[in-house]
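Listing of final.txt, compact mmCIF, C-alpha atoms
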# COMPACT_ATOMS: atom_id res chain seq x y z
CA MET A 1 -9.24 138.31 142.64
CA ILE A 2 -6.97 135.80 144.38
CA GLU A 3 -6.43 134.07 141.03
CA VAL A 4 -5.40 137.37 139.40
CA PHE A 5 -2.97 137.99 142.28
CA ARG A 6 -1.59 134.45 141.99
CA SER A 7 -1.08 134.83 138.24
CA LEU A 8 0.59 138.20 138.65
CA PHE A 9 3.04 137.01 141.31
CA ALA A 10 3.36 133.35 140.33
CA PRO A 11 6.78 131.86 141.20
CA PRO A 12 9.47 133.00 140.72
CA ARG A 13 7.87 136.49 140.68
CA HIS A 14 6.66 136.00 144.26
CA PHE A 15 10.14 137.02 145.43
CA ILE A 16 9.21 140.57 144.36
CA LEU A 17 6.73 140.63 147.26
CA LEU A 18 9.47 139.77 149.76
CA ILE A 19 11.84 142.37 148.35
CA ALA A 20 9.09 145.02 148.40
CA ALA A 21 8.23 144.10 152.01
CA LEU A 22 11.88 144.43 153.02
CA TRP A 23 12.16 147.82 151.33
CA ILE A 24 8.95 149.17 152.93
CA GLY A 25 9.96 147.71 156.32
CA LEU A 26 13.36 149.37 156.14
CA ALA A 27 11.83 152.72 155.13
CA LEU A 28 9.42 152.53 158.08
CA ALA A 29 12.09 151.36 160.52
CA GLU A 30 14.32 154.31 159.53
CA LYS A 31 11.64 156.72 160.70
CA ARG A 32 11.82 155.44 164.27
CA SER A 33 15.28 153.93 164.65
CA GLU A 34 16.76 156.96 166.44
CA ARG A 35 14.34 156.56 169.33
CA HIS A 36 15.80 153.08 169.93
CA GLY A 37 19.37 154.36 169.93
CA VAL A 38 20.20 153.23 166.39
CA SER A 39 21.07 155.77 163.69
CA LYS A 40 19.60 155.48 160.20
CA GLU A 41 23.04 154.72 158.82
CA GLN A 42 23.62 151.95 161.35
CA LEU A 43 20.19 150.48 160.61
CA ASN A 44 20.86 150.48 156.87
CA ASN A 45 24.33 148.99 157.26
CA LEU A 46 23.10 146.34 159.67
CA THR A 47 20.27 145.36 157.31
CA PHE A 48 22.47 145.40 154.23
CA ASN A 49 25.29 143.36 155.82
CA SER A 50 22.83 140.80 157.22
CA LEU A 51 21.09 140.53 153.86
CA ILE A 52 24.35 139.88 152.05
CA ALA A 53 25.27 137.29 154.71
CA TYR A 54 21.84 135.67 154.26
CA VAL A 55 22.29 135.31 150.50
CA ILE A 56 25.94 134.20 150.57
CA GLY A 57 25.62 132.06 153.72
CA GLY A 58 22.49 130.30 152.46
CA ARG A 59 24.17 129.43 149.16
CA LEU A 60 27.56 128.44 150.63
CA LEU A 61 26.10 126.22 153.33
CA PHE A 62 23.74 124.61 150.80
CA ALA A 63 26.79 123.88 148.65
CA LEU A 64 28.71 122.48 151.62
CA SER A 65 25.84 120.21 152.65
CA ASN A 66 25.59 118.96 149.04
CA PHE A 67 29.33 118.88 148.49
CA SER A 68 29.41 115.87 146.18
CA ALA A 69 26.90 117.49 143.78
CA PHE A 70 28.82 120.77 143.68
CA SER A 71 32.25 119.14 143.43
CA GLN A 72 31.18 117.71 140.06
CA SER A 73 29.94 121.09 138.79
CA PRO A 74 31.58 123.79 140.94
CA PHE A 75 30.29 126.67 138.79
CA SER A 76 26.76 125.82 139.92
CA ILE A 77 27.57 127.85 143.02
CA PHE A 78 27.18 130.99 140.87
CA SER A 79 23.85 129.90 139.39
CA PRO A 80 21.07 132.48 139.73
CA ASN A 81 18.64 129.66 140.57
CA PRO A 82 17.14 130.44 144.00
CA ASP A 83 16.46 126.75 144.72
CA LEU A 84 20.17 126.21 145.43
CA PHE A 85 19.69 127.74 148.83
CA ASP A 86 19.27 126.76 152.47
CA PRO A 87 17.11 129.43 154.17
CA MET A 88 17.90 128.28 157.73
CA SER A 89 21.64 128.43 157.12
CA GLY A 90 21.16 131.85 155.53
CA LEU A 91 19.30 133.01 158.61
CA VAL A 92 22.05 131.79 160.93
CA ALA A 93 24.67 133.58 158.81
CA ALA A 94 22.58 136.79 158.82
CA ILE A 95 22.19 136.69 162.63
CA LEU A 96 25.92 136.07 163.12
CA VAL A 97 26.91 138.95 160.85
CA GLY A 98 24.29 141.19 162.51
CA LEU A 99 25.71 140.36 165.94
CA ILE A 100 29.28 141.07 164.81
CA TYR A 101 28.24 144.39 163.25
CA GLY A 102 26.25 145.33 166.36
CA GLN A 103 29.18 144.55 168.63
CA ARG A 104 31.58 146.60 166.54
CA GLN A 105 29.18 149.53 166.53
CA LYS A 106 28.49 149.03 170.28
CA LEU A 107 24.75 148.78 169.63
CA ARG A 108 22.47 147.69 172.47
CA LEU A 109 20.84 144.34 171.69
CA TRP A 110 17.28 145.08 172.79
CA GLY A 111 17.22 148.59 171.34
CA THR A 112 18.51 147.28 168.02
CA LEU A 113 15.91 144.51 167.93
CA ASP A 114 13.21 147.13 168.61
CA ALA A 115 14.58 149.25 165.76
CA LEU A 116 14.48 146.23 163.43
CA THR A 117 10.95 145.15 164.44
CA PRO A 118 9.13 147.08 161.64
CA ILE A 119 11.32 145.22 159.13
CA PHE A 120 10.48 141.86 160.71
CA ALA A 121 6.76 142.72 160.80
CA MET A 122 6.72 143.83 157.15
CA LEU A 123 8.69 140.74 156.12
CA ALA A 124 6.03 138.59 157.81
CA ILE A 125 3.37 140.34 155.70
CA GLY A 126 5.48 139.87 152.56
CA LEU A 127 6.05 136.20 153.39
CA HIS A 128 2.33 135.47 153.70
CA LEU A 129 1.64 137.33 150.44
CA ALA A 130 4.37 135.26 148.78
CA HIS A 131 2.79 132.09 150.19
CA LEU A 132 -0.57 133.15 148.75
CA ALA A 133 1.00 133.80 145.35
CA ALA A 134 2.88 130.49 145.30
CA GLY A 135 0.07 128.45 146.85
CA THR A 136 2.41 127.21 149.56
CA ALA A 137 1.58 127.07 153.30
CA PHE A 138 -1.85 125.89 152.17
CA GLY A 139 -4.79 124.96 154.35
CA SER A 140 -6.58 121.71 155.03
CA PRO A 141 -9.78 120.92 153.10
CA THR A 142 -12.91 122.64 154.45
CA SER A 143 -16.60 123.08 153.64
CA LEU A 144 -16.68 126.60 155.10
CA PRO A 145 -18.08 129.22 152.69
CA TRP A 146 -14.84 131.24 152.64
CA GLY A 147 -12.73 128.27 151.55
CA ILE A 148 -10.56 128.82 148.47
CA ASP A 149 -10.05 126.44 145.58
CA LEU A 150 -6.41 125.43 145.75
CA TRP A 151 -4.55 122.28 144.69
CA ASN A 152 -7.76 120.59 143.56
CA ALA A 153 -9.68 121.02 146.83
CA VAL A 154 -11.60 123.72 148.68
CA ARG A 155 -9.22 124.68 151.51
CA HIS A 156 -8.92 126.97 154.48
CA PRO A 157 -7.32 130.19 153.14
CA THR A 158 -4.51 129.88 155.69
CA GLN A 159 -2.33 132.31 153.77
CA LEU A 160 -5.08 134.94 154.20
CA TYR A 161 -5.56 134.07 157.89
CA GLU A 162 -1.84 134.51 158.45
CA LEU A 163 -1.73 137.67 156.34
CA LEU A 164 -4.57 139.18 158.36
CA ALA A 165 -2.84 138.24 161.63
CA SER A 166 0.44 139.79 160.49
CA LEU A 167 -1.32 142.99 159.35
CA LEU A 168 -3.05 143.29 162.74
CA ILE A 169 0.25 142.65 164.54
CA PHE A 170 2.01 145.29 162.45
CA GLY A 171 -0.84 147.80 162.96
CA TRP A 172 -0.84 147.27 166.72
CA LEU A 173 2.95 147.54 167.05
CA TRP A 174 3.13 150.64 164.85
CA SER A 175 0.41 152.43 166.83
CA ARG A 176 2.05 151.77 170.22
CA LYS A 177 3.53 154.62 172.23
CA ALA A 178 7.31 154.57 172.65
CA ASP A 179 7.28 154.46 176.45
CA SER A 180 7.85 150.74 177.10
CA PRO A 181 11.20 149.31 178.28
CA SER A 182 13.77 148.64 175.59
CA GLY A 183 13.21 145.23 173.99
CA LEU A 184 9.50 144.92 174.68
CA LEU A 185 8.48 146.04 171.18
CA PHE A 186 10.43 143.17 169.65
CA LEU A 187 9.29 140.70 172.32
CA HIS A 188 5.64 141.65 171.78
CA PHE A 189 6.10 141.11 168.05
CA ALA A 190 7.70 137.71 168.69
CA ALA A 191 4.95 136.69 171.16
CA LEU A 192 2.10 137.76 168.90
CA THR A 193 3.65 136.12 165.83
CA ALA A 194 4.30 132.87 167.72
CA GLY A 195 0.77 132.97 169.19
CA ALA A 196 -0.78 133.51 165.76
CA ARG A 197 1.23 130.63 164.31
CA LEU A 198 0.30 128.35 167.21
CA PHE A 199 -3.40 129.05 166.62
CA LEU A 200 -3.46 129.12 162.81
CA GLU A 201 -1.23 126.09 162.24
CA ALA A 202 -4.25 123.98 163.19
CA PHE A 203 -5.86 124.90 159.85
CA ARG A 204 -2.80 124.09 157.73
CA GLY A 205 -2.79 121.16 155.35
CA ASP A 206 0.98 120.85 155.10
CA SER A 207 2.01 120.52 158.75
CA ILE A 208 4.97 118.37 159.69
CA LEU A 209 3.51 115.83 162.11
CA ILE A 210 5.40 114.24 165.01
CA LEU A 211 4.58 112.09 168.04
CA GLY A 212 1.19 110.76 166.97
CA GLY A 213 -0.03 113.76 165.00
CA LEU A 214 1.25 116.77 166.94
CA ARG A 215 2.14 119.64 164.63
CA LEU A 216 5.83 120.52 164.89
CA ALA A 217 5.27 124.23 164.16
CA GLN A 218 2.86 124.52 167.10
CA ILE A 219 5.39 122.99 169.49
CA VAL A 220 8.10 125.36 168.24
CA ALA A 221 5.71 128.33 168.52
CA TRP A 222 4.78 127.29 172.07
CA ALA A 223 8.47 127.09 173.04
CA ILE A 224 9.08 130.54 171.52
CA LEU A 225 6.16 131.92 173.55
CA LEU A 226 7.66 130.48 176.73
CA ILE A 227 11.10 131.99 175.97
CA VAL A 228 9.54 135.36 175.07
CA PHE A 229 7.55 135.49 178.33
CA ILE A 230 10.67 134.75 180.39
CA ALA A 231 12.65 137.33 178.40
CA SER A 232 9.87 139.92 178.86
CA GLU A 233 10.03 139.53 182.63
CA SER A 234 13.80 139.85 182.53
CA VAL A 235 13.60 143.03 180.40
CA ARG A 236 11.03 144.57 182.78
CA ARG A 237 13.16 143.71 185.83
CA GLN A 238 16.24 145.24 184.20
CA SER A 239 14.37 148.44 183.33
CA GLN A 240 13.00 148.74 186.89
CA SER A 241 16.46 148.28 188.40
CA LEU A 242 17.90 151.11 186.26
CA MET B 1 -1.15 145.11 184.70
CA ASN B 2 1.02 144.29 187.69
CA SER B 3 3.67 141.59 187.83
CA THR B 4 1.40 138.90 189.34
CA GLN B 5 -1.43 139.53 186.86
CA ARG B 6 1.07 139.37 184.03
CA ARG B 7 2.50 136.06 185.16
CA ILE B 8 -1.00 134.58 185.52
CA THR B 9 -1.76 135.76 181.97
CA TYR B 10 1.45 134.16 180.67
CA ALA B 11 0.59 130.87 182.41
CA LEU B 12 -2.96 130.92 181.01
CA VAL B 13 -1.75 131.65 177.48
CA LEU B 14 0.77 128.81 177.71
CA LEU B 15 -1.83 126.40 179.07
CA LEU B 16 -4.34 127.36 176.37
CA GLY B 17 -1.61 127.01 173.74
CA LEU B 18 -0.73 123.56 174.99
CA ALA B 19 -4.39 122.51 175.03
CA TRP B 20 -4.90 123.85 171.49
CA THR B 21 -1.81 121.97 170.31
CA PHE B 22 -3.27 118.68 171.57
CA VAL B 23 -6.86 119.43 170.46
CA SER B 24 -5.76 120.36 166.94
CA ALA B 25 -3.34 117.44 166.55
CA ASP B 26 -3.88 115.47 163.38
CA LYS B 27 -4.40 112.09 165.07
CA THR B 28 -5.20 110.32 161.82
CA GLY B 29 -1.77 111.32 160.58
CA ILE B 30 -3.38 112.33 157.29
CA SER B 31 -1.13 114.34 155.06
CA THR B 32 -1.76 115.61 151.58
CA ALA B 33 0.71 113.15 150.10
CA GLY B 34 -0.77 110.52 147.88
CA GLN B 35 -4.36 111.66 148.25
CA ILE B 36 -5.18 114.37 145.76
CA PRO B 37 -3.38 114.81 142.45
CA ALA B 38 -2.04 118.36 142.25
CA PRO B 39 1.10 120.00 140.82
CA GLN B 40 2.57 120.84 144.22
CA ALA B 41 5.21 119.26 146.45
CA GLY B 42 3.67 116.61 148.70
CA PHE B 43 0.84 115.72 146.29
CA LEU B 44 0.37 112.86 143.87
CA ALA B 45 1.61 113.93 140.44
CA PRO B 46 -1.35 114.41 138.05
CA ASP B 47 -1.36 111.52 135.62
CA PHE B 48 -1.16 111.94 131.86
CA GLU B 49 -0.68 109.91 128.72
CA LEU B 50 0.99 111.58 125.75
CA LYS B 51 2.40 110.73 122.36
CA THR B 52 6.17 110.77 121.98
CA LEU B 53 8.05 112.40 119.14
CA GLU B 54 8.79 108.90 117.78
CA GLY B 55 5.07 108.03 117.68
CA GLY B 56 4.74 105.88 120.80
CA THR B 57 2.87 106.77 123.99
CA VAL B 58 4.02 107.23 127.59
CA LYS B 59 1.76 107.18 130.63
CA LEU B 60 3.19 108.73 133.79
CA SER B 61 1.54 106.28 136.19
CA ASP B 62 3.16 103.36 134.32
CA LEU B 63 6.50 104.67 135.60
CA ARG B 64 5.58 104.11 139.26
CA GLY B 65 8.62 102.64 141.01
CA GLN B 66 10.98 104.91 139.09
CA ALA B 67 12.13 108.44 139.89
CA VAL B 68 10.78 110.82 137.26
CA LEU B 69 11.60 114.37 136.22
CA VAL B 70 8.72 115.95 134.30
CA ASN B 71 10.15 118.96 132.50
CA LEU B 72 7.72 121.28 130.68
CA TRP B 73 9.46 123.16 127.89
CA ALA B 74 9.24 124.80 124.47
CA THR B 75 11.80 125.34 121.71
CA TRP B 76 11.42 129.15 121.78
CA CYS B 77 12.16 129.39 125.51
CA PRO B 78 15.82 130.41 126.17
CA PRO B 79 16.12 128.97 129.72
CA CYS B 80 14.61 125.68 128.45
CA ARG B 81 17.39 125.55 125.88
CA ALA B 82 20.00 126.46 128.46
CA GLU B 83 19.11 123.67 130.88
CA MET B 84 18.70 120.82 128.38
CA PRO B 85 22.42 119.85 128.27
CA ALA B 86 22.49 119.57 132.08
CA ILE B 87 19.31 117.47 132.08
CA GLN B 88 20.80 115.16 129.45
CA LYS B 89 24.03 114.83 131.44
CA ILE B 90 22.21 113.99 134.68
CA TYR B 91 19.94 111.55 132.80
CA ASN B 92 23.01 109.74 131.48
CA GLU B 93 24.48 109.53 134.98
CA TYR B 94 21.38 108.28 136.83
CA LYS B 95 19.23 106.37 134.30
CA GLU B 96 20.72 103.05 135.38
CA GLN B 97 19.46 103.72 138.92
CA GLY B 98 15.87 104.12 137.72
CA PHE B 99 15.79 107.80 136.81
CA VAL B 100 13.52 108.81 133.92
CA VAL B 101 13.13 112.19 132.23
CA LEU B 102 9.85 113.07 130.54
CA ALA B 103 10.46 116.24 128.56
CA VAL B 104 6.94 117.43 127.80
CA ASN B 105 6.97 119.88 124.93
CA MET B 106 4.17 122.45 125.14
CA THR B 107 3.33 121.72 121.51
CA TYR B 108 0.12 123.76 121.69
CA GLN B 109 2.34 126.82 122.33
CA ASP B 110 5.20 125.73 120.08
CA THR B 111 5.97 125.00 116.44
CA PHE B 112 5.96 121.26 115.81
CA ALA B 113 8.51 121.51 113.00
CA ASN B 114 11.09 123.00 115.40
CA ILE B 115 11.01 120.12 117.88
CA ALA B 116 12.96 117.42 116.02
CA PRO B 117 15.83 119.79 115.05
CA PHE B 118 15.98 120.96 118.67
CA VAL B 119 16.25 117.38 119.94
CA GLU B 120 18.94 116.65 117.38
CA GLU B 121 20.87 119.82 118.16
CA TYR B 122 21.10 118.96 121.87
CA GLY B 123 21.46 115.20 121.37
CA LEU B 124 18.56 114.41 123.70
CA THR B 125 18.01 110.70 124.31
CA PHE B 126 15.19 110.79 126.85
CA PRO B 127 11.52 110.65 125.75
CA ILE B 128 10.15 113.86 124.22
CA LEU B 129 6.40 114.03 124.82
CA LEU B 130 4.02 116.21 122.86
CA ASP B 131 1.28 118.15 124.65
CA GLU B 132 -0.70 118.94 121.51
CA THR B 133 -4.12 119.43 123.13
CA ALA B 134 -3.14 121.45 126.21
CA SER B 135 -3.80 118.58 128.59
CA VAL B 136 -0.62 118.59 130.70
CA GLY B 137 0.12 122.34 130.78
CA PRO B 138 -3.18 123.27 132.51
CA ALA B 139 -3.14 120.13 134.71
CA TYR B 140 0.28 121.21 136.01
CA GLN B 141 -0.94 124.83 136.30
CA LEU B 142 1.83 125.99 133.99
CA ARG B 143 2.67 129.67 134.54
CA SER B 144 6.34 129.85 133.53
CA LEU B 145 8.60 127.90 131.21
CA PRO B 146 10.52 125.83 131.97
CA SER B 147 8.79 124.14 134.92
CA SER B 148 10.19 120.98 136.47
CA PHE B 149 8.53 118.44 138.75
CA PHE B 150 10.67 115.91 140.60
CA ILE B 151 8.53 112.83 141.30
CA ASP B 152 9.61 110.02 143.63
CA ARG B 153 9.15 106.29 143.15
CA ASP B 154 5.68 106.43 144.78
CA GLY B 155 4.45 109.03 142.30
CA ILE B 156 4.60 111.89 144.81
CA ILE B 157 5.96 115.27 143.73
CA ARG B 158 8.90 116.04 146.01
CA GLU B 159 10.13 119.28 144.50
CA VAL B 160 8.88 121.84 142.00
CA VAL B 161 11.29 124.18 140.23
CA ILE B 162 9.60 127.00 138.36
CA GLY B 163 11.78 128.85 135.89
CA GLY B 164 15.30 128.11 134.91
CA PRO B 165 17.82 127.26 133.79
CA MET B 166 18.43 124.64 136.47
CA ALA B 167 22.06 124.30 137.49
CA GLU B 168 23.65 120.88 137.24
CA ALA B 169 24.16 120.74 141.03
CA LEU B 170 20.47 121.49 141.60
CA LEU B 171 19.47 118.68 139.26
CA ARG B 172 21.89 116.30 140.95
CA THR B 173 20.70 117.09 144.51
CA ARG B 174 17.03 116.78 143.56
CA VAL B 175 17.48 113.58 141.56
CA GLU B 176 19.41 111.96 144.41
CA GLU B 177 16.52 112.89 146.73
CA ILE B 178 13.84 111.24 144.57
CA LEU B 179 15.96 108.16 143.96
CA LYS B 180 16.12 107.39 147.72
Please express the file's structure as structure tokens.
Amino acid sequence: MIEVFRSLFAPPRHFILLIAALWIGLALAEKRSERHGVSKEQLNNLTFNSLIAYVIGGRLLFALSNFSAFSQSPFSIFSPNPDLFDPMSGLVAAILVGLIYGQRQKLRLWGTLDALTPIFAMLAIGLHLAHLAAGTAFGSPTSLPWGIDLWNAVRHPTQLYELLASLLIFGWLWSRKADSPSGLLFLHFAALTAGARLFLEAFRGDSILILGGLRLAQIVAWAILLIVFIASESVRRQSQSL
Amino acid sequence: MNSTQRRITYALVLLLGLAWTFVSADKTGISTAGQIPAPQAGFLAPDFELKTLEGGTVKLSDLRGQAVLVNLWATWCPPCRAEMPAIQKIYNEYKEQGFVVLAVNMTYQDTFANIAPFVEEYGLTFPILLDETASVGPAYQLRSLPSSFFIDRDGIIREVVIGGPMAEALLRTRVEEILK
């Protein structure tokens, strides 16, 4: 079954999964955006503008950081090849454009992040499905009976672990009542996602190791957890003082 | 949950997280690189030995110490055709620095008679290898044509590009990476 799925969505078709996740996430987010003080139109515009910024920013900053390669073939900047892309730069560009749009529309930060949370949660599901299809984010070798045969070894199915975690996170967030202070929905999503990554990274076979074998992703996830806990307390205090 | 209980929970979660980070650290520093041959970034490139169009043979592992682009292609594949001039151009630019292109024709899915005219049409000067018995395609888990594997001087795959055509800038950035 996994092999059929991997054949069906083998790269570069795995991008379909991400696009589908974004579309479903946006459709779901639209249903509840009004309760967070964001109209459907604002949500759509914010998502669309950020998406465009992600694509253009990721390509432009990749080109700038590889200037000598692009200066010899400048038309490569228009290539449809998705490998000419820096995802982190794209993300920074998307956040910047989102912040500018939000400020112009006078959107509240925490309410807007709550409104966007279904999109983030669905994108996480899409990302893990894409990882499963591409065989990336693979696990370390294991002798456990549920190991999957991948890259010439039986490995922890880390893509499935992470997919299951993201499905549970989405299910829990979607079933929550809308009575918590503004911002907590997003912060809970961030905490649960960081917590899941911190735990599941231990089973990955492609971790970046630092300082005598510590896994970089776990340290980043731990730092995110710390920031989220501090932010949660701040959000609660603000809501109590109102 | 009141404020104190919540803060205790946060502290416990952070402590557990920290403990798990240390417990699950990979103290041996083992990575996938160089251990298991597999067609994925970070792994040793699966070895192969194939006949060339001129009748010689090329073995991938004999090229250790050089940066290698293994490009899987076929004459009927439009993106394969589209990227060949860029590959040839980059090969000309970097071959003196130890860059090698192995253009592996999926002969078992192609028409042998079309290969030589194709090579002539595009003026290709790098080795054209013939996968007549479906040995390389399955070993590299071929799902789309073209597929390109950028292999560093230690024989480790550093980048995989599935589909095409590859832009010249993409080729240049990846080749410069594997030549380091």
Considering all atoms listed in the file, return as an MDAnalysis selection string whatever protein or nucleic-acid residues lie within 7 Å of Pro11 in chain A, sequence-local ones (same chain, fewer than 3 positions apart) excluded.
-> (chainID A and resid 14 134) or (chainID B and resid 162)
Residues of chain A within 6 Å of chain B: nearest atom pair and distance (Å, one decimal) for each, counting all atoms listed in the file, sorted by chain and number, as a Markdown table?
| residue | atom | partner | partner_atom | distance |
| --- | --- | --- | --- | --- |
| A:Ala69 | CA | B:Ala169 | CA | 5.1 |
| A:Phe70 | CA | B:Ala169 | CA | 5.4 |
| A:Ser76 | CA | B:Ala167 | CA | 5.5 |
| A:Trp151 | CA | B:Ala38 | CA | 5.3 |
| A:Ala202 | CA | B:Ser24 | CA | 5.4 |
| A:Gly213 | CA | B:Asp26 | CA | 4.5 |
| A:Leu214 | CA | B:Ala25 | CA | 4.7 |
What does the distance between CA of Phe118 in chain B and CA of Lys95 in chain B come to in Å, to one decimal place?
->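 If I compute the distance from CA of Phe118 in chain B to CA of Lys95 in chain B, I get 21.6 Å.
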If we count only C-alpha atoms, what is near Phe62 in chain A at a cut-off of 8 Å, once residues fewer than 5 positions away on the same chain are taken out, given as a list in words?
->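 Listed by chain and then number, they are Leu84, Phe85, Asp86 and Ser89 of chain A.
We find CA of Val68 in chain B and CA of Ile77 in chain A to be spaced 24.6 Å apart.
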Write out as an NGL selection string which residues come within 12 Å of His128 in chain A when counting all atoms listed in the file, dropping same-chain ones fewer than 6 positions away.
-> :A and (14-15 or 17-18 or 21 or 121-122 or 134-138 or 157-167 or 197)
re CA of Ser239 in chain A and CA of Pro181 in chain A: distance 6.0 Å
Range 61-69 of chain B, all listed atoms, 4 Å padding on each side: what axis-aligned box centre and edge lengths in Å to one decimal come out, as AutoDock Vina command-line options?
--center_x 6.8 --center_y 108.5 --center_z 137.7 --size_x 18.6 --size_y 19.7 --size_z 14.7
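Neighbouring residues of Leu179 in chain B at 9 Å or closer, counting only C-alpha atoms and skipping chain neighbours under 4 positions away, are Gln66, Ala67, Val68, Tyr94, Gln97, Gly98, Phe99, Asp152, Arg153, Arg174 and Val175 of chain B.
Among the candidate residues B:Met106, B:Ile115, B:Leu69, B:Ala82, the one lying nearest to Glu54 in chain B is B:Ile115, with distances computed using all atoms listed in the file.
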Quick one: residues within 10 Å of range 188-194 of chain A, all atoms listed in the file counted, chain neighbours fewer than 6 positions away excluded, as a PyMOL selection string?
-> chain A and resi 114+117-118+120-121+124+162+165-166+168-170+172-173+200+217-218+220-229+232
Please tell me which residues are no farther than 12 Å from (-5.4, 118.3, 128.6) in the file, counting all atoms listed in the file, and write them as a list in words.
->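 The residues that fall inside the cut-off are Pro46, Asp47, Phe48, Glu49, Leu50, Met106, Thr107, Tyr108, Leu130, Asp131, Glu132, Thr133, Ala134, Ser135, Val136, Gly137, Pro138, Ala139, Tyr140, Gln141 and Leu142 of chain B.
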Closest of A:Ile24, A:Leu127, A:Val97, A:Ala29 to Gly57 in chain A - atom-to-atom distances counting all atoms listed in the file | A:Val97
Rank A:Asn66, A:Ala53, A:Arg59, A:Leu113 by their smallest atom-to-atom distance to Glu177 in chain B, using all atoms listed in the file, and report the top residue only.
-> A:Asn66
Mind writing range 94-110 of chain B to a file for me, with N, CA and C atoms, as an mmCIF file, in the first residue's frame?
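Once written, out03.cif looks like this:
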data_model
loop_
_atom_site.group_PDB
_atom_site.id
_atom_site.type_symbol
_atom_site.label_atom_id
_atom_site.label_comp_id
_atom_site.auth_asym_id
_atom_site.auth_seq_id
_atom_site.Cartn_x
_atom_site.Cartn_y
_atom_site.Cartn_z
ATOM 1 N N TYR B 94 33.476 22.625 -16.391
ATOM 2 C CA TYR B 94 34.007 22.094 -15.115
ATOM 3 C C TYR B 94 34.817 20.806 -15.240
ATOM 4 N N LYS B 95 34.938 20.237 -16.437
ATOM 5 C CA LYS B 95 35.606 18.928 -16.543
ATOM 6 C C LYS B 95 37.068 18.989 -16.103
ATOM 7 N N GLU B 96 37.696 20.140 -16.313
ATOM 8 C CA GLU B 96 39.104 20.273 -15.915
ATOM 9 C C GLU B 96 39.277 20.232 -14.387
ATOM 10 N N GLN B 97 38.193 20.543 -13.673
ATOM 11 C CA GLN B 97 38.253 20.538 -12.202
ATOM 12 C C GLN B 97 37.897 19.165 -11.618
ATOM 13 N N GLY B 98 37.669 18.186 -12.477
ATOM 14 C CA GLY B 98 37.362 16.836 -12.001
ATOM 15 C C GLY B 98 35.889 16.500 -12.024
ATOM 16 N N PHE B 99 35.144 17.171 -12.905
ATOM 17 C CA PHE B 99 33.709 16.888 -13.023
ATOM 18 C C PHE B 99 33.459 15.924 -14.186
ATOM 19 N N VAL B 100 32.695 14.872 -13.890
ATOM 20 C CA VAL B 100 32.403 13.850 -14.906
ATOM 21 C C VAL B 100 30.890 13.721 -15.047
ATOM 22 N N VAL B 101 30.428 13.571 -16.283
ATOM 23 C CA VAL B 101 29.004 13.286 -16.519
ATOM 24 C C VAL B 101 28.894 11.862 -17.034
ATOM 25 N N LEU B 102 28.029 11.074 -16.386
ATOM 26 C CA LEU B 102 27.691 9.752 -16.916
ATOM 27 C C LEU B 102 26.228 9.806 -17.338
ATOM 28 N N ALA B 103 26.002 9.900 -18.635
ATOM 29 C CA ALA B 103 24.637 9.970 -19.152
ATOM 30 C C ALA B 103 24.174 8.536 -19.428
ATOM 31 N N VAL B 104 23.389 8.014 -18.503
ATOM 32 C CA VAL B 104 22.980 6.602 -18.611
ATOM 33 C C VAL B 104 21.668 6.523 -19.382
ATOM 34 N N ASN B 105 21.763 6.023 -20.603
ATOM 35 C CA ASN B 105 20.565 5.867 -21.423
ATOM 36 C C ASN B 105 19.782 4.641 -20.934
ATOM 37 N N MET B 106 18.473 4.815 -20.737
ATOM 38 C CA MET B 106 17.628 3.699 -20.318
ATOM 39 C C MET B 106 17.312 2.850 -21.553
ATOM 40 N N THR B 107 18.331 2.179 -22.041
ATOM 41 C CA THR B 107 18.251 1.472 -23.330
ATOM 42 C C THR B 107 17.129 0.432 -23.332
ATOM 43 N N TYR B 108 16.854 -0.138 -22.160
ATOM 44 C CA TYR B 108 15.782 -1.144 -22.085
ATOM 45 C C TYR B 108 14.392 -0.517 -22.285
ATOM 46 N N GLN B 109 14.329 0.824 -22.230
ATOM 47 C CA GLN B 109 13.060 1.520 -22.490
ATOM 48 C C GLN B 109 13.169 2.389 -23.747
ATOM 49 N N ASP B 110 14.269 2.240 -24.475
ATOM 50 C CA ASP B 110 14.540 3.157 -25.572
ATOM 51 C C ASP B 110 14.827 2.349 -26.846
#
